[in-house]
file run-v6.txt (compact mmCIF, N, CA and C atoms)
# COMPACT_ATOMS: atom_id res chain seq x y z
N MET A 1 -10.46 8.50 -13.53
CA MET A 1 -9.18 7.82 -13.37
C MET A 1 -8.93 7.53 -11.88
N THR A 2 -8.54 6.34 -11.60
CA THR A 2 -8.26 5.92 -10.24
C THR A 2 -6.81 6.25 -9.90
N THR A 3 -6.61 6.84 -8.74
CA THR A 3 -5.26 7.11 -8.27
C THR A 3 -4.86 5.98 -7.33
N LEU A 4 -3.76 5.37 -7.63
CA LEU A 4 -3.23 4.31 -6.78
C LEU A 4 -2.28 4.92 -5.77
N THR A 5 -2.04 4.19 -4.70
CA THR A 5 -1.03 4.61 -3.73
C THR A 5 -0.03 3.48 -3.54
N CYS A 6 1.19 3.87 -3.28
CA CYS A 6 2.26 2.91 -3.03
C CYS A 6 1.90 2.07 -1.81
N GLU A 7 2.05 0.78 -1.93
CA GLU A 7 1.73 -0.14 -0.83
C GLU A 7 2.81 -0.14 0.25
N SER A 8 3.89 0.58 0.01
CA SER A 8 4.97 0.67 0.98
C SER A 8 4.92 1.97 1.79
N CYS A 9 4.58 3.09 1.11
CA CYS A 9 4.64 4.39 1.79
C CYS A 9 3.39 5.25 1.64
N SER A 10 2.49 4.87 0.78
CA SER A 10 1.22 5.54 0.48
C SER A 10 1.34 6.75 -0.44
N MET A 11 2.48 6.92 -1.07
CA MET A 11 2.64 8.00 -2.04
C MET A 11 1.76 7.72 -3.26
N PRO A 12 1.11 8.74 -3.83
CA PRO A 12 0.30 8.53 -5.04
C PRO A 12 1.18 8.03 -6.19
N ILE A 13 0.67 7.05 -6.92
CA ILE A 13 1.39 6.51 -8.08
C ILE A 13 0.39 6.30 -9.21
N GLY A 14 0.89 6.20 -10.41
CA GLY A 14 0.03 5.98 -11.57
C GLY A 14 -0.26 4.52 -11.83
N THR A 15 0.76 3.68 -11.69
CA THR A 15 0.60 2.25 -11.95
C THR A 15 1.48 1.46 -11.00
N GLY A 16 1.20 0.18 -10.92
CA GLY A 16 2.03 -0.71 -10.11
C GLY A 16 1.63 -0.72 -8.65
N ARG A 17 2.51 -1.32 -7.86
CA ARG A 17 2.25 -1.45 -6.43
C ARG A 17 3.10 -0.50 -5.59
N TYR A 18 4.27 -0.12 -6.13
CA TYR A 18 5.22 0.66 -5.34
C TYR A 18 5.71 1.87 -6.12
N CYS A 19 6.05 2.93 -5.39
CA CYS A 19 6.58 4.15 -6.02
C CYS A 19 8.07 3.99 -6.31
N VAL A 20 8.61 4.95 -7.04
CA VAL A 20 10.03 4.90 -7.40
C VAL A 20 10.94 5.03 -6.18
N HIS A 21 10.46 5.63 -5.10
CA HIS A 21 11.27 5.78 -3.91
C HIS A 21 11.41 4.48 -3.13
N CYS A 22 10.46 3.58 -3.30
CA CYS A 22 10.43 2.34 -2.54
C CYS A 22 10.95 1.14 -3.31
N THR A 23 11.40 1.36 -4.55
CA THR A 23 11.86 0.25 -5.37
C THR A 23 13.33 0.40 -5.74
N ASP A 24 13.91 -0.73 -6.10
CA ASP A 24 15.29 -0.72 -6.57
C ASP A 24 15.32 -0.47 -8.08
N ALA A 25 16.47 -0.55 -8.68
CA ALA A 25 16.63 -0.26 -10.11
C ALA A 25 15.81 -1.20 -11.01
N GLU A 26 15.51 -2.40 -10.51
CA GLU A 26 14.72 -3.36 -11.29
C GLU A 26 13.22 -3.24 -11.01
N GLY A 27 12.83 -2.33 -10.15
CA GLY A 27 11.41 -2.14 -9.83
C GLY A 27 10.91 -3.01 -8.69
N ASN A 28 11.81 -3.71 -8.02
CA ASN A 28 11.43 -4.55 -6.88
C ASN A 28 11.41 -3.73 -5.60
N LEU A 29 10.54 -4.09 -4.69
CA LEU A 29 10.47 -3.43 -3.40
C LEU A 29 11.82 -3.54 -2.70
N GLN A 30 12.32 -2.42 -2.19
CA GLN A 30 13.57 -2.44 -1.43
C GLN A 30 13.37 -3.24 -0.15
N GLY A 31 14.45 -3.63 0.46
CA GLY A 31 14.40 -4.38 1.71
C GLY A 31 13.88 -3.52 2.85
N PHE A 32 13.42 -4.20 3.89
CA PHE A 32 12.84 -3.50 5.03
C PHE A 32 13.81 -2.48 5.63
N GLU A 33 15.03 -2.90 5.93
CA GLU A 33 15.98 -2.01 6.61
C GLU A 33 16.26 -0.75 5.79
N GLU A 34 16.40 -0.91 4.49
CA GLU A 34 16.65 0.25 3.63
C GLU A 34 15.45 1.21 3.64
N ARG A 35 14.25 0.66 3.54
CA ARG A 35 13.04 1.49 3.55
C ARG A 35 12.84 2.13 4.91
N PHE A 36 13.06 1.37 5.98
CA PHE A 36 12.91 1.89 7.33
C PHE A 36 13.86 3.07 7.56
N ALA A 37 15.12 2.91 7.15
CA ALA A 37 16.09 3.98 7.31
C ALA A 37 15.70 5.22 6.51
N ALA A 38 15.28 5.03 5.27
CA ALA A 38 14.90 6.16 4.42
C ALA A 38 13.65 6.86 4.97
N MET A 39 12.67 6.10 5.41
CA MET A 39 11.45 6.70 5.94
C MET A 39 11.72 7.43 7.26
N THR A 40 12.60 6.88 8.07
CA THR A 40 12.96 7.54 9.33
C THR A 40 13.68 8.85 9.04
N THR A 41 14.61 8.83 8.10
CA THR A 41 15.31 10.05 7.72
C THR A 41 14.34 11.10 7.18
N TRP A 42 13.40 10.67 6.35
CA TRP A 42 12.38 11.58 5.83
C TRP A 42 11.61 12.22 6.97
N ARG A 43 11.24 11.41 7.94
CA ARG A 43 10.48 11.93 9.08
C ARG A 43 11.31 12.95 9.87
N LEU A 44 12.57 12.66 10.10
CA LEU A 44 13.44 13.59 10.82
C LEU A 44 13.64 14.89 10.04
N ASP A 45 13.74 14.79 8.72
CA ASP A 45 13.88 15.99 7.89
C ASP A 45 12.64 16.86 7.93
N ARG A 46 11.48 16.22 8.02
CA ARG A 46 10.21 16.95 8.03
C ARG A 46 9.94 17.64 9.35
N GLU A 47 10.51 17.12 10.42
CA GLU A 47 10.27 17.71 11.74
C GLU A 47 11.58 17.83 12.52
N PRO A 48 12.33 18.89 12.23
CA PRO A 48 13.57 19.11 12.98
C PRO A 48 13.27 19.18 14.48
N GLY A 49 14.13 18.61 15.26
CA GLY A 49 13.91 18.60 16.70
C GLY A 49 13.30 17.30 17.20
N LEU A 50 12.71 16.54 16.31
CA LEU A 50 12.18 15.23 16.68
C LEU A 50 13.37 14.31 16.92
N ASP A 51 13.38 13.60 18.04
CA ASP A 51 14.53 12.73 18.28
C ASP A 51 14.39 11.43 17.49
N ARG A 52 15.52 10.79 17.26
CA ARG A 52 15.55 9.59 16.42
C ARG A 52 14.65 8.49 16.95
N GLU A 53 14.64 8.29 18.25
CA GLU A 53 13.81 7.22 18.83
C GLU A 53 12.33 7.45 18.52
N ALA A 54 11.87 8.68 18.65
CA ALA A 54 10.47 9.00 18.33
C ALA A 54 10.21 8.83 16.84
N ALA A 55 11.15 9.27 16.02
CA ALA A 55 10.99 9.13 14.57
C ALA A 55 10.91 7.66 14.17
N GLU A 56 11.75 6.83 14.77
CA GLU A 56 11.72 5.40 14.47
C GLU A 56 10.41 4.77 14.92
N ALA A 57 9.92 5.14 16.08
CA ALA A 57 8.65 4.61 16.56
C ALA A 57 7.50 5.02 15.65
N GLU A 58 7.49 6.28 15.22
CA GLU A 58 6.45 6.75 14.30
C GLU A 58 6.54 6.04 12.96
N THR A 59 7.76 5.83 12.49
CA THR A 59 7.96 5.15 11.22
C THR A 59 7.46 3.71 11.29
N LEU A 60 7.78 3.01 12.36
CA LEU A 60 7.28 1.64 12.52
C LEU A 60 5.77 1.59 12.58
N ALA A 61 5.18 2.53 13.29
CA ALA A 61 3.71 2.58 13.38
C ALA A 61 3.11 2.81 12.01
N TRP A 62 3.72 3.68 11.23
CA TRP A 62 3.23 3.96 9.87
C TRP A 62 3.39 2.73 8.99
N MET A 63 4.56 2.12 9.02
CA MET A 63 4.83 0.96 8.19
C MET A 63 3.87 -0.19 8.52
N ALA A 64 3.47 -0.30 9.76
CA ALA A 64 2.53 -1.36 10.15
C ALA A 64 1.17 -1.20 9.48
N THR A 65 0.85 0.00 9.01
CA THR A 65 -0.42 0.23 8.34
C THR A 65 -0.34 0.03 6.83
N MET A 66 0.86 -0.15 6.32
CA MET A 66 1.07 -0.30 4.88
C MET A 66 1.04 -1.77 4.48
N PRO A 67 0.31 -2.10 3.41
CA PRO A 67 0.20 -3.50 2.99
C PRO A 67 1.55 -4.20 2.77
N ALA A 68 2.53 -3.49 2.30
CA ALA A 68 3.84 -4.12 2.03
C ALA A 68 4.54 -4.57 3.31
N TRP A 69 4.23 -3.93 4.43
CA TRP A 69 4.98 -4.18 5.66
C TRP A 69 4.14 -4.69 6.82
N ALA A 70 2.84 -4.68 6.71
CA ALA A 70 1.96 -5.00 7.85
C ALA A 70 2.29 -6.33 8.53
N ASP A 71 2.69 -7.32 7.75
CA ASP A 71 3.00 -8.63 8.33
C ASP A 71 4.49 -8.91 8.41
N HIS A 72 5.30 -7.92 8.15
CA HIS A 72 6.75 -8.12 8.15
C HIS A 72 7.21 -8.35 9.60
N PRO A 73 8.02 -9.36 9.84
CA PRO A 73 8.47 -9.67 11.20
C PRO A 73 9.14 -8.49 11.92
N ALA A 74 9.89 -7.68 11.20
CA ALA A 74 10.55 -6.54 11.84
C ALA A 74 9.54 -5.53 12.38
N VAL A 75 8.42 -5.38 11.70
CA VAL A 75 7.38 -4.44 12.15
C VAL A 75 6.63 -5.04 13.34
N THR A 76 6.22 -6.28 13.23
CA THR A 76 5.44 -6.89 14.30
C THR A 76 6.30 -7.14 15.54
N ARG A 77 7.57 -7.40 15.36
CA ARG A 77 8.48 -7.63 16.49
C ARG A 77 8.77 -6.33 17.24
N ARG A 78 8.92 -5.23 16.51
CA ARG A 78 9.28 -3.95 17.11
C ARG A 78 8.09 -3.19 17.63
N SER A 79 6.92 -3.45 17.11
CA SER A 79 5.73 -2.67 17.50
C SER A 79 5.29 -2.98 18.90

call {"tool": "encode", "arguments": {"input": "run-v6.txt", "output": "structure tokens"}}
result
Amino acid sequence: MTTLTCESCSMPIGTGRYCVHCTDAEGNLQGFEERFAAMTTWRLDREPGLDREAAEAETLAWMATMPAWADHPAVTRRS
């Protein structure tokens, strides 16, 4: 059995392109700003003491490697 990964965050998934954390109620990929904010918050929660600026920079770097965001203007403009 092949394990897929979310094209937005790389979380393991069974089917589809995106995980439940990266989609809205209809299964569509959430907008960039919503995902960026959630991923930054996740990063800050995982490493207390990390400042927001560093967390945002790390989040942008990570998102730039994800197929869903690699060509997104917000990622390429901020990177």

call {"tool": "select_by_dssp", "arguments": {"input": "run-v6.txt", "residues": "range 1-78 of chain A", "states": "strand (DSSP E)", "output": "ChimeraX atom specification"}}
result
/A:4-5,12-13

call {"tool": "axis_aligned_box", "arguments": {"input": "run-v6.txt", "around": "range 68-79 of chain A", "padding_each_side": "8 Å", "output": "AutoDock Vina command-line options"}}
result
--center_x 6.3 --center_y -6.2 --center_z 10.5 --size_x 24.6 --size_y 23.0 --size_z 32.9

call {"tool": "select_by_dssp", "arguments": {"input": "run-v6.txt", "residues": "chain A", "states": "helix (DSSP H, G or I)", "output": "MDAnalysis selection string"}}
result
chainID A and resid 32:46 52:63 73:78

call {"tool": "atom_distance", "arguments": {"input": "run-v6.txt", "atom1": "CA of Ala68 in chain A", "atom2": "CA of Leu44 in chain A"}}
result
22.0 Å

call {"tool": "atom_distance", "arguments": {"input": "run-v6.txt", "atom1": "atom N of Asn28 in chain A", "atom2": "atom C of Gly16 in chain A"}}
result
10.6 Å

call {"tool": "closest_residue", "arguments": {"input": "run-v6.txt", "among": "A:Ser10, A:Thr65, A:Thr40, A:Thr3", "to": "Glu53 in chain A", "atoms": "only C-alpha atoms"}}
result
A:Thr40

call {"tool": "atom_distance", "arguments": {"input": "run-v6.txt", "atom1": "CA of Glu56 in chain A", "atom2": "CA of Pro12 in chain A"}}
result
22.8 Å

call {"tool": "closest_residue", "arguments": {"input": "run-v6.txt", "among": "A:Trp62, A:Ala54, A:Ser8, A:Arg77", "to": "Gly31 in chain A", "atoms": "only C-alpha atoms"}}
result
A:Ser8

call {"tool": "residues_around", "arguments": {"input": "run-v6.txt", "residues": "Gly27 in chain A", "least_positions_apart": "6", "cutoff": "8 Å", "atoms": "only N, CA and C atoms", "output": "list in words"}}
result
Tyr18, Cys19 and Val20 of chain A
